[in-house]
Structures are given as structure tokens and as C-alpha cells.
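Written below as C-alpha cells is the structure these notes are about.
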Amino acid sequence: MPHIADRQSVFLALINVIVLVAGALLAGSNFVDSYNLQIMAAQVPELGLLALGVTLAMISGNGGIDLSGIALANLAGITAFLIARQILVPADAPMTFAWTFAALALCVGVIGGLLNGLMIAFAGLTPLIATLGTQLLFTGISVWLTNGSSVSLGYIQPLDDFGNLPVLGVPLCFTLFLLVAGLVGYVLRCTPFGVKLTLLGSNAKAARYGGIPARRMIVTTYTIAGILASIAGIVIASRNASVKWDYGSSYVLIAILIAVLGGVKPEGGYGRVLSVLLAATALQILSSLFNFLGISNFFRDLAWGVLLLALLASARIDLSLWLRPAR
Amino acid sequence: MTETTIAPEARGPAGRIWDLMGQRPELFTLALIVVTAIAVAIANPEFVAMNNLFDILRASVVRGIFAMGVLVVLAAGGIDVSFTAIAAFVMYVLTMLVHNVLPGMPLWIIMPLAAAGGAAFGVLNGLLIHALRAPSLIVTIGTQYIIRSFLLTFVGTALFMNLPASMEAFGKASLFSWQGTNGVVSALPATVLVLVVVALATWFILERTLLGRAIFASGGNPGIAERLGFNLFQIRLFVFGWAGLLAGIAGIVHVASNRLANPFDLAGMELEIIAAVVLGGARITGGSGTVLGTLLGVLLITLVSNVLVFVGIPSTLQRAIVGIFILIAGTIFALRQRA
């Protein structure tokens, strides 16, 4: 199993290299200079974090999915900024403000994720309906709080640094993303929780008879997905210096696309964080390449859709024997 | 579905209502509609005017047609989020075709063409889901993006303001008009007829044909349905084809009643339609759902998005309220099933 999983990661890493080389050939060496690489790295975390949330939900099985990620990310950014602005003046103590903002956003993420988890585990809603409902709810609250317009954060140095400043050549938000992904990967692979979650996703009935507290696990899983979404919200707010209810409207699809590209099984029970991470970077490089070549956003969406279906198809043909783990 | 009435046990009236709601989940939706309508009428008596009622009906037509397709897909245990993209594609391409090439095309040719175009996309969805053996949500998210972005990349992004004469006339036609005391003339649009026909057809398929039995059986328990001899592949093709067909029709109705063909229209509407169908009592895991319940769900969604402004609830809160309704209704239905 690990052997095959490694092969999948190697395959995705190869795709990263191929797209980078293709970019260098098609768009010139500017595409692979350190400046552009930094820009691309700074763009990965938002989607990568949301994709990790979708990954966790999918692993948990029973039709697990999280459609509310980007809605919760926006809500976390908006609520945290509106509250923080009430209690602190950003210009007086930028550092305190930034930390307060982040803490508040994380609180919103915990509450939102907890709501998802409780709805699914205890109210008995399917993940699809529950997260559809909360997506509307979170978006609705964001619209209501902001009257539908975007809210500018102004220049808050620590946040701006977090979103855009490279340290030792790596943007801070990308470093954080790597740390978070590493943590999630560690939890999934090396802790009892992760092992139980995989079991639960591959066979819920057996897991129940095996004494796994399914409900508590589901609540925890969706709460973690909520926290990941709120971290994405902090990154979005820092990078754009503004928050808006409909930021990233196509992220729902792209987050699912990244998870599927990363080999996560939509039916549950399998997913590797390293693969998802590599899928996120591959997609980002491809997206930047489209940008460099001046290809329209509509066409990019078309490419994502085709890619998603092609990936599902690739799992069906014989190639799967060496691309994907044996089932 | 199962019309068997279980003898009410010796319980209080609340318990009996609870039991009834378990059997007929759409009653809960009806209650929500009545409560909303009464609240609005008390807060603002002007709401109970003929033109408002007609406006709500008018606004329900396109949603209702979509919802009938989604109902059939949900009943069979699938889900479709690509239907709005199909509708946008069909309406835009067809309007373009009629406008540029055959300006005199009558509606009785346009409608079947739209239905056929939509059905073709729908069948394609069904084929893909079957061939890829992937969850229908993920496949139709993919086709949604492909269809919509193909439309915007390769077909066009410009609006059509001048509709073909036959579509223009269809949009303006009214069944019945009413002059209010304040002199406002309100008309019941002819497009409502399309919804009536679509709803009757869907009801007939689900409740009076073997195909309908097969749809519910495959949604309730695919394994057993297959052993009973139902062909799951054909059922899947039919339900997605039906959803596509209705999407094509809904697209034309949308253009005719808005008097505008905008390729960016209808995007993002799919979630509220699914919400309406779920509010109408269809279980997302398949096997249940009624046409009447779905229509009530559509009415509730329309009510929330059109009339809450009458009671001074800011329109910015609509989305949140729909979300809360889904969570409450979903919870109640789920708890009832467990009991």
C-alpha cells in the first residue's frame, strides 16, 4: 500500500515538473524565475486548505463532502474583521490586531465546522444537504453583515506581510500551509484518530461494530475542515487586504477537483495529504501558465471540468493499476 | 409514496401531527408556507394583492420546471447540478440560431428543439456517470463547468435583446388578467401552463408507470432493484435525460419571460432548486419524493426570495433564511425517518 501511494505522489510530482517545464518553454524563462514561483506559492494556500477540508470530509465516507468551505472562509474573514475593528484600532497596535483577527476567524471556523459536524452526525442530514444548507447560511450571513459589498481591511502590516512577504524565499502563508498540511497528514497517518477515520470511511458498519465512536469522529472531522476553511479565510483576507462574501465562487469545484486529482476516493476511506498537496501545486502552476498565455478564465473553467472528468475516467481504465492504489 | 396509514396511537395531538408529518413530509413545508404568508400578510396587508400572487406564480415557473427534473433525479438516488448550465446553453444557442438563421421559427418547433437539446446533454450526463462509476455530484459539477464555459468561450457572451417574434409573443401572452382597485393590471402569464404540463407529466411518470416504480426502487435500494430485474443503466439515462429535457424547456421559458437571452443567467441557481426539492420532502439519498411536495418547496423558496422585503426583513438575509429552512427541514425529515 505505501509503495503504491508513493508511486502516486511521484506521478503527481512529475506532473508538477512537466507543467513547469512546459511553462518555461511556452511562456519563457520568466515563468520559472523566483519571483513568479513566489507568486504561485502564495496563491496555493487558499485552495490547498479548502481542498484538505474536502479531503477529510471525503475520507470520512458516507457521501462525505464539504460544499461550505469557501463560504465559511469568507464568513470567517468578514466576521473576524468586523468584530476586531470594533474592539481595536488597526493603526494603533497592528500586531495585536492581526492576532485578534486570526483568533476570531479561527473561532468562526470552529463554530461553522462544528455546526456541519453536528448536523451530519446528530441531526442525521447527509453531508451534501447539510453543507449545502450551511453554505447558504454562511453566505447569507456574510451578505447580511456586509450588505453585499466588499470590505477593505486597509493596510495592516503584519497581515500584509503574512500574505505577501517571502521569508528565505518562501511566502509566509505558503510556509503555514505546508505546516498545516504536514499536521493534517501526521494526524491522518500516525494517530489513532486518523486510522479510525480511514476505517470509518471504508466500512462504516464494521467500524461501528469495532467500537469506533462514529458520531464523535464525524463531528471532529468536519470541525477540522471548518478550521482549515477559516485559515483559508485569514490567508484570503491577508493577501487581498479585503473581504467579500462571493470571493472565489468557483472554489467549490476546484477544491473537489484538487482532492480527486490527489487520488482521494469520493466514496470514502482513502486519501493522502502529500498527493493532495502536490495536486494543488500542479493545478496552481497550470492556472498561472494559462494566465501567462493570456487564456480566458472561461476557457480555464472548461479545462478544469475536462480535467475532472478525465481523472475520473483514468481511474476506470487499466492505467489505474499503476497510477492508483489497488482497491 | 406508501399511502398506508398507520393507526394513530393514543398520543396527544402534537404526537399525531408529528406522525402525520413523518408520512407526508410536505405538510411541514406547507406549514412553513402558511406561517410565512400569514406573517407577511399581518405585517403588510398590501401583500395580499392579485398582482403579488401572480408575481409569485410567475417567479415560480422556471424554478418549478427545473425542480421537476431534479425531483426525478433525486428519487432515483442521484443528484444533478448541471441543469442550469444546460438550460443556459440551450436557451442561448437556440435564441442565437433562431435570431440569426431562421427568424420565423414558430414556438412549436423551438420548444421540442430545446427539449431535445437538453435531453441530449442529460443523457450524456447519465452515460458519463455510468461509465465513470463516480458520484453523480462530482460528474455533474464537471459537466456543469464544461457546458457553461464552452458556451462562454466558444459561443458568445453578448446579450440578445431582440428576441425572435414567436418567443417574444409567448413571453407576453397571458391567460387571464385582472384589474386591481388601484388600477394596476396584473396578468397570469401563459408560461404557467408549461409548468402545469411538466408537473402533470412528471407526476404521471412517477406515480402511474412502471418506470416510476423503477425510479423509486433504484433510489431506495439499487441492489434490490437490480435483482428485481430493473435495468439501472436505463433508469439512470432516463432520469438525467428527463432533467436535461426539462432544463432545455425551462431555458426557453426563462428567455421568453425575461425578454432577454443572457448567457450568464441561471448560474448558481442550482443549489436553491435542490433546496426546494429537498424542502418538498424528497430524500437526498433517493427513494422518495412527490410532485406536490416539490411544488410546495418551490413556492416556499420563491416566497422567501420575493416577499420577505414586505415584512421589512432585509433582502440580504434571504440566503441565510433559505439555508436555515433547509437545515431545519432536513433535520426534521431525518429524525422522522430514524424514529
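If you're wondering about the labels, chains in the C-alpha cells are A, B, ... by order shown, residues count from 1 in each chain, ligands from 1 in order shown.
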At a cut-off of 7 Å, can you tabulate as CSV every residue of chain A near chain B together with its closest atom pair and the distance in Å to one decimal, using only C-alpha atoms and ordering rows by chain then number?
```
residue,atom,partner,partner_atom,distance
A:Ala123,CA,B:Thr331,CA,5.2
A:Gly124,CA,B:Ala334,CA,5.5
A:Leu125,CA,B:Gly330,CA,6.1
A:Ala130,CA,B:Leu327,CA,6.4
A:Gly133,CA,B:Gly323,CA,4.4
A:Thr134,CA,B:Gly323,CA,6.0
A:Leu136,CA,B:Gly323,CA,4.7
A:Leu137,CA,B:Ala320,CA,4.1
A:Phe138,CA,B:Ala320,CA,6.9
A:Thr139,CA,B:Ala320,CA,7.0
A:Gly140,CA,B:Ala320,CA,3.9
A:Ile141,CA,B:Ala320,CA,5.9
A:Val143,CA,B:Thr316,CA,5.7
A:Trp144,CA,B:Thr316,CA,4.9
A:Asn147,CA,B:Thr316,CA,6.4
A:Leu253,CA,B:Ile141,CA,6.8
A:Phe298,CA,B:Ser149,CA,4.9
A:Phe299,CA,B:Thr153,CA,5.8
A:Asp301,CA,B:Ser149,CA,6.0
A:Leu302,CA,B:Ile146,CA,4.6
A:Gly305,CA,B:Gly142,CA,4.3
A:Val306,CA,B:Ile146,CA,6.5
A:Leu308,CA,B:Gly142,CA,6.0
A:Leu309,CA,B:Gly142,CA,6.2
A:Leu312,CA,B:Leu132,CA,6.1
A:Ala313,CA,B:Leu132,CA,5.5
A:Arg316,CA,B:Leu132,CA,6.3
```
>> Which of range 170-219 of chain A end up as alpha helix (DSSP H) when DSSP is run on this backbone - answer as a PyMOL selection string?
In response: chain A and resi 172-190+192-202+204-209+214-219
> So, counting only C-alpha atoms, which residue among B:Ala267, B:Val48, B:Leu200, B:Ala41 is closest to Leu295 in chain B?
Replying inline: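 Comparing B:Ala267, B:Val48, B:Leu200, B:Ala41 against Leu295 in chain B, the winner is B:Leu200.
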>> Can you pull out the residues contacting Gln38 in chain A? Cut-off 9 Å, using only C-alpha atoms, and skip same-chain residues under 6 positions away; I want them as a ChimeraX atom specification.
In response: /A:164,166,169-171
Generate a file of the selected residues that holds N, CA and C atoms, formatted as a PDB file, in the first residue's frame.
```pdb
ATOM      1  N   ASN A 164       1.944  38.250   1.796  1.00  0.00           N
ATOM      2  CA  ASN A 164       2.762  38.514   0.617  1.00  0.00           C
ATOM      3  C   ASN A 164       4.267  38.429   0.808  1.00  0.00           C
ATOM      4  N   PRO A 166       7.922  37.119   1.350  1.00  0.00           N
ATOM      5  CA  PRO A 166       8.677  35.881   1.376  1.00  0.00           C
ATOM      6  C   PRO A 166       9.750  35.925   2.469  1.00  0.00           C
ATOM      7  N   GLY A 169      12.882  33.272   0.834  1.00  0.00           N
ATOM      8  CA  GLY A 169      12.403  32.918  -0.498  1.00  0.00           C
ATOM      9  C   GLY A 169      11.066  32.214  -0.547  1.00  0.00           C
ATOM     10  N   VAL A 170      10.475  31.943   0.639  1.00  0.00           N
ATOM     11  CA  VAL A 170       9.186  31.266   0.627  1.00  0.00           C
ATOM     12  C   VAL A 170       8.135  32.171   1.264  1.00  0.00           C
ATOM     13  N   PRO A 171       7.038  32.431   0.585  1.00  0.00           N
ATOM     14  CA  PRO A 171       5.996  33.284   1.184  1.00  0.00           C
ATOM     15  C   PRO A 171       5.513  32.675   2.499  1.00  0.00           C
TER      16      PRO A 171
END
```
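For Trp242 in chain B, the residues within 9 Å (counting only C-alpha atoms, excluding itself and residues fewer than 6 positions away along the chain) are B:Met68, B:Gly69, B:Val70, B:Val72, B:Val73, B:Gly118, B:Ala119, B:Gly122, B:Val123.
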Okay, now the selection with N, CA and C atoms, as a JSON list (two decimals), in the first residue's frame?
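Below is the file that was written, out-v4.json:
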```json
[["chain", "number", "residue", "atom", "x", "y", "z"],
["B", 68, "MET", "N", -38.86, 19.84, -11.13],
["B", 68, "MET", "CA", -39.44, 18.55, -11.53],
["B", 68, "MET", "C", -38.33, 17.60, -12.02],
["B", 69, "GLY", "N", -37.38, 18.16, -12.77],
["B", 69, "GLY", "CA", -36.26, 17.33, -13.23],
["B", 69, "GLY", "C", -35.40, 16.85, -12.08],
["B", 70, "VAL", "N", -35.10, 17.78, -11.16],
["B", 70, "VAL", "CA", -34.25, 17.42, -10.02],
["B", 70, "VAL", "C", -34.95, 16.38, -9.15],
["B", 72, "VAL", "N", -36.95, 13.98, -10.05],
["B", 72, "VAL", "CA", -36.83, 12.64, -10.63],
["B", 72, "VAL", "C", -35.42, 12.09, -10.40],
["B", 73, "VAL", "N", -34.41, 12.97, -10.57],
["B", 73, "VAL", "CA", -33.03, 12.52, -10.35],
["B", 73, "VAL", "C", -32.83, 12.12, -8.89],
["B", 118, "GLY", "N", -31.69, 19.70, -24.61],
["B", 118, "GLY", "CA", -31.48, 19.49, -23.18],
["B", 118, "GLY", "C", -31.39, 18.01, -22.85],
["B", 119, "ALA", "N", -32.27, 17.22, -23.47],
["B", 119, "ALA", "CA", -32.27, 15.79, -23.19],
["B", 119, "ALA", "C", -30.95, 15.16, -23.63],
["B", 122, "GLY", "N", -28.52, 15.76, -21.01],
["B", 122, "GLY", "CA", -28.86, 14.98, -19.84],
["B", 122, "GLY", "C", -28.44, 13.52, -19.99],
["B", 123, "VAL", "N", -28.72, 12.96, -21.18],
["B", 123, "VAL", "CA", -28.34, 11.57, -21.44],
["B", 123, "VAL", "C", -26.82, 11.43, -21.36]]
```
> If you measure from CA of Leu278 in chain A to CA of Ala13 in chain A, what distance in Å do you get, rounded to one decimal?
Replying inline: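 A separation of 6.2 Å between them.
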> Residues at most 12 Å from Leu210 in chain B, counting only C-alpha atoms, excluding those fewer than 6 positions away in the same chain, as number ranges by chain?
Replying inline: B: 204, 216-217, 229-230, 235
Deliver the residues from the most recent selection as a file, using C-alpha atoms, as a CSV table (one decimal), in the first residue's frame.
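Written output follows (selection01.csv):
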```
chain,number,residue,atom,x,y,z
B,204,PHE,CA,-47.8,10.6,-14.2
B,216,PHE,CA,-38.1,4.9,-6.7
B,217,ALA,CA,-36.9,1.3,-6.3
B,229,GLY,CA,-34.9,-7.0,-12.9
B,230,PHE,CA,-34.8,-3.3,-13.2
B,235,ILE,CA,-33.2,4.2,-15.4
```
> Where does DSSP see strand (DSSP E) in range 69-250 of chain A, if you list the residues as an MDAnalysis selection string?
Replying inline: chainID A and resid 151:152 166:167 170:171 242:243
Could you take the residues named above and write them with C-alpha atoms, as an mmCIF file, in the first residue's frame?
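again39.cif written:
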```cif
data_model
loop_
_atom_site.group_PDB
_atom_site.id
_atom_site.type_symbol
_atom_site.label_atom_id
_atom_site.label_comp_id
_atom_site.auth_asym_id
_atom_site.auth_seq_id
_atom_site.Cartn_x
_atom_site.Cartn_y
_atom_site.Cartn_z
ATOM 1 C CA VAL A 151 -14.982 45.414 2.973
ATOM 2 C CA SER A 152 -11.481 46.826 2.765
ATOM 3 C CA PRO A 166 8.677 35.881 1.376
ATOM 4 C CA VAL A 167 10.968 34.726 4.167
ATOM 5 C CA VAL A 170 9.186 31.266 0.627
ATOM 6 C CA PRO A 171 5.996 33.284 1.184
ATOM 7 C CA SER A 242 -10.245 42.991 1.672
ATOM 8 C CA VAL A 243 -13.030 40.518 2.369
#
```
> Pick the closest to Cys173 in chain A from A:Ile224, A:Ala232, A:Val273, A:Val10: which is it, counting only C-alpha atoms?
Replying inline: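 Nearest to Cys173 in chain A: A:Ala232.
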Do you know which residues are at most 7 Å from Ile70 in chain A counting only C-alpha atoms, after dropping those on the same chain fewer than 3 positions away, and could you put them as a compact mmCIF listing (two decimals) with N, CA and C atoms, in the first residue's frame?
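Output saved as part.txt:
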```
# COMPACT_ATOMS: atom_id res chain seq x y z
N ALA A 73 -14.95 30.28 4.81
CA ALA A 73 -13.71 31.06 4.77
C ALA A 73 -14.04 32.56 4.67
N ASN A 74 -14.96 32.89 3.76
CA ASN A 74 -15.34 34.30 3.62
C ASN A 74 -16.01 34.83 4.87
N ALA A 229 -10.91 25.85 6.71
CA ALA A 229 -11.57 26.89 5.92
C ALA A 229 -11.29 28.26 6.50
N TYR A 251 -14.40 28.14 -6.24
CA TYR A 251 -13.52 27.33 -5.41
C TYR A 251 -14.15 26.01 -4.97
N VAL A 252 -15.50 25.98 -4.92
CA VAL A 252 -16.15 24.73 -4.51
C VAL A 252 -15.74 23.62 -5.46
```
>> I'd like the contact shell of Ala199 in chain B - 10 Å cut-off, only C-alpha atoms, skipping same-chain residues fewer than 6 positions apart - returned as a PyMOL selection string.
In response: chain B and resi 64-65+67-69+193+205+291-292+294-295
>> I'd like to know which of B:Met167, B:Ala116, B:Ala187, B:Val40 is closest to Val90 in chain B, using only C-alpha atoms.
In response: B:Ala116
>> When you count only C-alpha atoms, which of these residues is closest to Arg300 in chain A: A:Asn16, A:Thr220, A:Gln284, A:Ser68?
In response: A:Gln284
>> To one decimal place in Å, what is the distance between CA of Val101 in chain B and CA of Val155 in chain B?
In response: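 Computing it gives 15.0 Å between the two atoms.
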> In terms of the shortest atom-to-atom distance over only C-alpha atoms, which of B:Ala276, B:Leu32, B:Val192, B:Phe160 is closest to Asp55 in chain B?
Replying inline: B:Val192
> Pick the closest to Gly289 in chain B from B:Phe264, B:Phe170, B:Phe238, B:Trp203: which is it, counting only C-alpha atoms?
Replying inline: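 Between B:Phe264, B:Phe170, B:Phe238, B:Trp203, the residue approaching Gly289 in chain B most closely is B:Trp203.
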> For the atom pair CA of Asn62 in chain A and CA of Ile129 in chain A, what is the interatomic distance in Å to one decimal place?
Replying inline: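 About the pair CA of Asn62 in chain A and CA of Ile129 in chain A: they are 12.5 Å apart.
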